[in-house]
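The next block is upload27.txt, given as compact mmCIF, C-alpha atoms.
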```
# COMPACT_ATOMS: atom_id res chain seq x y z
CA MET F 15 101.01 102.65 93.01
CA ALA F 16 99.72 104.15 96.24
CA LYS F 17 97.27 107.02 96.03
CA SER F 18 98.75 110.46 96.61
CA PRO F 19 97.82 111.72 100.05
CA GLU F 20 95.62 114.78 100.37
CA ILE F 21 93.32 116.45 102.88
CA ASP F 22 89.55 116.26 102.52
CA VAL F 23 87.67 117.24 105.69
CA SER F 24 84.20 118.71 106.17
CA ALA F 25 82.11 120.14 108.99
CA PHE F 26 78.62 121.53 109.40
CA ILE F 27 78.64 124.95 111.06
CA ALA F 28 75.44 126.64 112.20
CA ALA F 29 76.44 130.00 110.70
CA PRO F 30 75.76 131.74 107.38
CA PRO F 31 78.23 131.00 104.53
CA GLY F 32 79.51 134.58 104.36
CA LEU F 33 80.50 134.54 108.02
CA VAL F 34 82.31 131.23 107.56
CA VAL F 35 84.33 132.48 104.58
CA LYS F 36 85.16 135.72 106.41
CA ALA F 37 86.61 133.71 109.32
CA PHE F 38 89.33 132.40 106.97
CA PHE F 39 90.47 135.96 106.16
CA ASP F 40 89.93 137.94 109.38
CA ALA F 41 93.14 138.08 111.46
CA HIS F 42 91.32 138.14 114.81
CA ALA F 43 89.11 135.19 113.86
CA LEU F 44 92.14 133.25 112.58
CA GLN F 45 93.90 133.83 115.90
CA ALA F 46 90.82 132.60 117.78
CA TRP F 47 90.07 129.42 115.83
CA TRP F 48 93.37 128.50 114.17
CA GLN F 49 95.75 129.83 116.85
CA VAL F 50 97.80 131.80 114.32
CA ARG F 51 100.37 134.32 115.48
CA HIS F 52 100.22 136.49 112.36
CA ALA F 53 98.06 136.51 109.25
CA VAL F 54 98.21 138.45 106.02
CA THR F 55 95.22 137.35 104.00
CA THR F 56 93.58 139.36 101.24
CA PRO F 57 90.30 138.01 99.87
CA ARG F 58 90.85 138.95 96.24
CA VAL F 59 92.40 137.39 93.17
CA LEU F 60 96.21 137.40 93.50
CA GLY F 61 95.95 138.38 97.17
CA PRO F 62 98.37 136.83 99.64
CA TYR F 63 97.29 134.05 101.96
CA ALA F 64 100.01 133.84 104.61
CA ILE F 65 99.48 132.33 108.05
CA GLU F 66 102.14 132.01 110.77
CA TRP F 67 101.96 129.80 113.84
CA PRO F 68 104.42 129.75 116.73
CA ALA F 69 106.94 126.90 116.59
CA THR F 70 106.04 123.95 118.77
CA GLU F 71 108.28 122.86 121.63
CA PHE F 72 108.09 119.22 120.51
CA ARG F 73 109.69 117.85 117.37
CA ASP F 74 108.20 115.39 114.92
CA ASP F 75 110.74 112.74 113.89
CA LEU F 76 110.39 113.60 110.17
CA LEU F 77 109.13 117.19 110.11
CA GLY F 78 110.96 118.74 113.05
CA ARG F 79 109.07 121.38 115.00
CA LEU F 80 105.58 122.19 113.77
CA GLY F 81 104.24 125.70 113.33
CA GLY F 82 105.96 128.01 110.88
CA VAL F 83 104.30 129.62 107.87
CA PHE F 84 101.75 128.46 105.32
CA ARG F 85 101.66 130.76 102.35
CA GLY F 86 100.10 130.87 98.91
CA THR F 87 98.25 133.08 96.44
CA VAL F 88 94.46 133.51 96.35
CA MET F 89 93.34 132.59 92.84
CA GLN F 90 89.57 132.49 93.30
CA VAL F 91 87.38 133.93 96.02
CA HIS F 92 83.66 134.33 96.56
CA ALA F 93 82.43 135.97 99.76
CA SER F 94 79.85 133.27 100.47
CA GLN F 95 81.07 130.23 98.52
CA GLY F 96 84.73 129.87 99.44
CA PHE F 97 88.16 130.35 97.95
CA PHE F 98 91.10 128.67 96.24
CA VAL F 99 94.77 129.20 97.11
CA ALA F 100 97.44 128.04 94.66
CA ASP F 101 101.22 127.83 94.82
CA ALA F 102 100.98 127.14 98.56
CA TYR F 103 103.96 126.09 100.65
CA TRP F 104 104.50 125.15 104.26
CA LEU F 105 107.70 126.69 105.58
CA PRO F 106 108.44 124.77 108.79
CA PRO F 107 110.51 126.33 111.57
CA ASP F 108 113.22 123.78 110.73
CA GLY F 109 113.94 122.08 107.43
CA GLU F 110 113.01 122.59 103.84
CA PRO F 111 109.62 123.91 102.64
CA ILE F 112 106.95 121.49 101.50
CA GLY F 113 105.04 122.45 98.37
CA PRO F 114 103.68 123.47 96.02
CA MET F 115 100.16 122.63 97.13
CA ALA F 116 96.62 123.86 96.57
CA LEU F 117 94.08 124.73 99.27
CA HIS F 118 90.39 124.78 98.34
CA VAL F 119 87.70 125.81 100.84
CA THR F 120 84.09 125.48 99.72
CA VAL F 121 81.13 126.66 101.75
CA THR F 122 77.69 125.37 100.81
CA PRO F 123 74.51 126.77 102.36
CA GLU F 124 72.38 124.21 104.16
CA ALA F 125 69.33 124.47 106.38
CA ASN F 126 70.36 126.39 109.51
CA GLY F 127 74.00 126.78 108.48
CA SER F 128 76.81 125.87 106.15
CA LEU F 129 78.78 122.83 105.09
CA VAL F 130 82.48 123.67 105.01
CA ARG F 131 84.80 121.44 103.01
CA VAL F 132 88.57 121.85 103.04
CA THR F 133 90.70 120.05 100.48
CA GLN F 134 94.45 120.35 100.25
CA SER F 135 96.48 118.63 97.56
CA GLY F 136 99.90 118.56 95.97
CA PHE F 137 102.44 115.81 96.48
CA GLU F 138 105.93 114.61 95.70
CA GLU F 139 106.78 111.07 96.71
CA GLY F 140 108.69 111.04 99.98
CA GLU F 141 108.42 110.34 103.68
CA ARG F 142 108.20 114.03 104.67
CA TRP F 143 105.28 114.65 102.31
CA ARG F 144 103.38 111.61 103.58
CA ARG F 145 104.04 112.57 107.21
CA TYR F 146 102.96 116.16 106.49
CA TYR F 147 99.54 114.99 105.31
CA GLU F 148 99.15 112.66 108.31
CA VAL F 149 99.82 115.52 110.72
CA VAL F 150 97.89 118.20 108.85
CA ALA F 151 94.76 116.06 108.42
CA HIS F 152 94.37 115.89 112.20
CA GLY F 153 95.19 119.58 112.46
CA TRP F 154 92.39 120.48 109.99
CA GLU F 155 89.88 118.35 111.89
CA ARG F 156 90.74 120.17 115.13
CA ALA F 157 90.75 123.55 113.39
CA LEU F 158 87.29 123.06 111.86
CA ALA F 159 85.93 121.95 115.27
CA SER F 160 87.40 125.14 116.75
CA LEU F 161 85.92 127.26 113.92
CA LYS F 162 82.55 125.63 114.56
CA ALA F 163 82.76 126.41 118.29
CA LEU F 164 83.73 130.03 117.57
CA LEU F 165 80.98 130.73 115.05
CA GLU F 166 78.22 128.89 116.91
CA ARG F 167 78.59 130.68 120.24
```

File written out as structure tokens:
Amino acid sequence: MAKSPEIDVSAFIAAPPGLVVKAFFDAHALQAWWQVRHAVTTPRVLGPYAIEWPATEFRDDLLGRLGGVFRGTVMQVHASQGFFVADAYWLPPDGEPIGPMALHVTVTPEANGSLVRVTQSGFEEGERWRRYYEVVAHGWERALASLKALLER
């Protein structure tokens, strides 16, 4: 049986852990590094974590247009260590939601900065789920590079 797909990406960012975690909850920072249109994120247990991106002009053969809303519930949060979002779903501009998933962001202090690790899991066998993880893995790599550029300037 094939392994269930998931996201597991990391990046070193020359910024303190608290600043890195804050960038995942601050609407202006999210717009700058993740290109979100709207964000309702509350860094507390049972807080919402809802991010909306504009719909893309292009269409993926399996997923349709990208963008849409990613939403879940914050279950754990620590201002300088990261957070965990459960019951997360991607609501694409077209088609059925994909979920439930879990999003876990850990931030570990290192000399001169922080190691940020993003894991995302949850899977039901199917082409759309597999394609989702293929697309989102590249998206997370780009997003972390953008977060790094924002926080290191």

Using only C-alpha atoms, which residues sit within 6 Å of stretch 83-93 of chain F once same-chain residues fewer than 4 positions away are excluded, as a PDB file with C-alpha atoms, in the frame of the given file?
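Saved as part08.pdb:
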```pdb
ATOM      1  CA  GLY F  32      79.510 134.580 104.360  1.00  0.00           C
ATOM      2  CA  VAL F  59      92.400 137.390  93.170  1.00  0.00           C
ATOM      3  CA  LEU F  60      96.210 137.400  93.500  1.00  0.00           C
ATOM      4  CA  GLY F  61      95.950 138.380  97.170  1.00  0.00           C
ATOM      5  CA  PRO F  62      98.370 136.830  99.640  1.00  0.00           C
ATOM      6  CA  TYR F  63      97.290 134.050 101.960  1.00  0.00           C
ATOM      7  CA  ALA F  64     100.010 133.840 104.610  1.00  0.00           C
ATOM      8  CA  ILE F  65      99.480 132.330 108.050  1.00  0.00           C
ATOM      9  CA  GLU F  66     102.140 132.010 110.770  1.00  0.00           C
ATOM     10  CA  PHE F  97      88.160 130.350  97.950  1.00  0.00           C
ATOM     11  CA  PHE F  98      91.100 128.670  96.240  1.00  0.00           C
ATOM     12  CA  VAL F  99      94.770 129.200  97.110  1.00  0.00           C
ATOM     13  CA  ALA F 100      97.440 128.040  94.660  1.00  0.00           C
ATOM     14  CA  ASP F 101     101.220 127.830  94.820  1.00  0.00           C
ATOM     15  CA  ALA F 102     100.980 127.140  98.560  1.00  0.00           C
ATOM     16  CA  TYR F 103     103.960 126.090 100.650  1.00  0.00           C
ATOM     17  CA  TRP F 104     104.500 125.150 104.260  1.00  0.00           C
ATOM     18  CA  LEU F 105     107.700 126.690 105.580  1.00  0.00           C
TER      19      LEU F 105
END
```

Requested in this report: For F:Pro107, list every protein, DNA or RNA residue within 9 Å, evaluated using only C-alpha atoms, and leave out those in the same chain fewer than 5 positions away; present the list as a PyMOL selection string.
Outcome: chain F and resi 68-70+78-83

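The gap separating atom CA of F:Thr133 from atom CA of F:Lys162 is 17.2 Å, in Å to one decimal.
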
With all atoms listed in the file counted and 8 Å as the cut-off, give the residues of stretch 21-90 of chain F in contact with stretch 148-156 of chain F, each with its shortest interatomic distance in Å and the pair that gives it, as JSON lines.
```
{"residue": "F:Ile21", "atom": "CA", "partner": "F:Ala151", "partner_atom": "CA", "distance": 5.7}
{"residue": "F:Asp22", "atom": "CA", "partner": "F:Ala151", "partner_atom": "CA", "distance": 7.9}
{"residue": "F:Val23", "atom": "CA", "partner": "F:Glu155", "partner_atom": "CA", "distance": 6.7}
```

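You will find atom CA of F:Ile112 at 29.5 Å from atom CA of F:Leu164.
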
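For the pair atom CA of F:Pro19 and atom CA of F:Gln95, the interatomic distance is 25.0 Å.
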
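Residues surrounding F:Ala28 within 8 Å are Phe26, Pro30, Asn126, Gly127, Ser128, Lys162, Leu165 and Glu166 of chain F [all atoms listed in the file; sequence separation below 2 positions excluded].
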
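Across F:Ile27, F:Leu44, F:Ala53, F:Leu77, the tightest approach to F:Gly140 is made by F:Leu77 when counting only C-alpha atoms.
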
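With only C-alpha atoms as the basis for measurement, F:Gln134 is the residue among F:Gln134, F:Arg51, F:Leu129, F:Gly96 that approaches F:Pro114 most closely.
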
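Nearest residue to F:Arg131, choosing from F:Val35, F:Asp40, F:Gly109, F:Arg58 and counting only C-alpha atoms: F:Val35.
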
Requested in this report: Please identify all polymer residues lying at most 10 Å from the point (97.7, 109.7, 94.1) (file coordinates), using all atoms listed in the file, and present the result as a count of residues only.
Outcome: 11

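The residue that comes closest to F:Leu33, out of F:Val121, F:Ala46, F:Ala159, F:Val132 and on the basis of all atoms listed in the file, is F:Val121.
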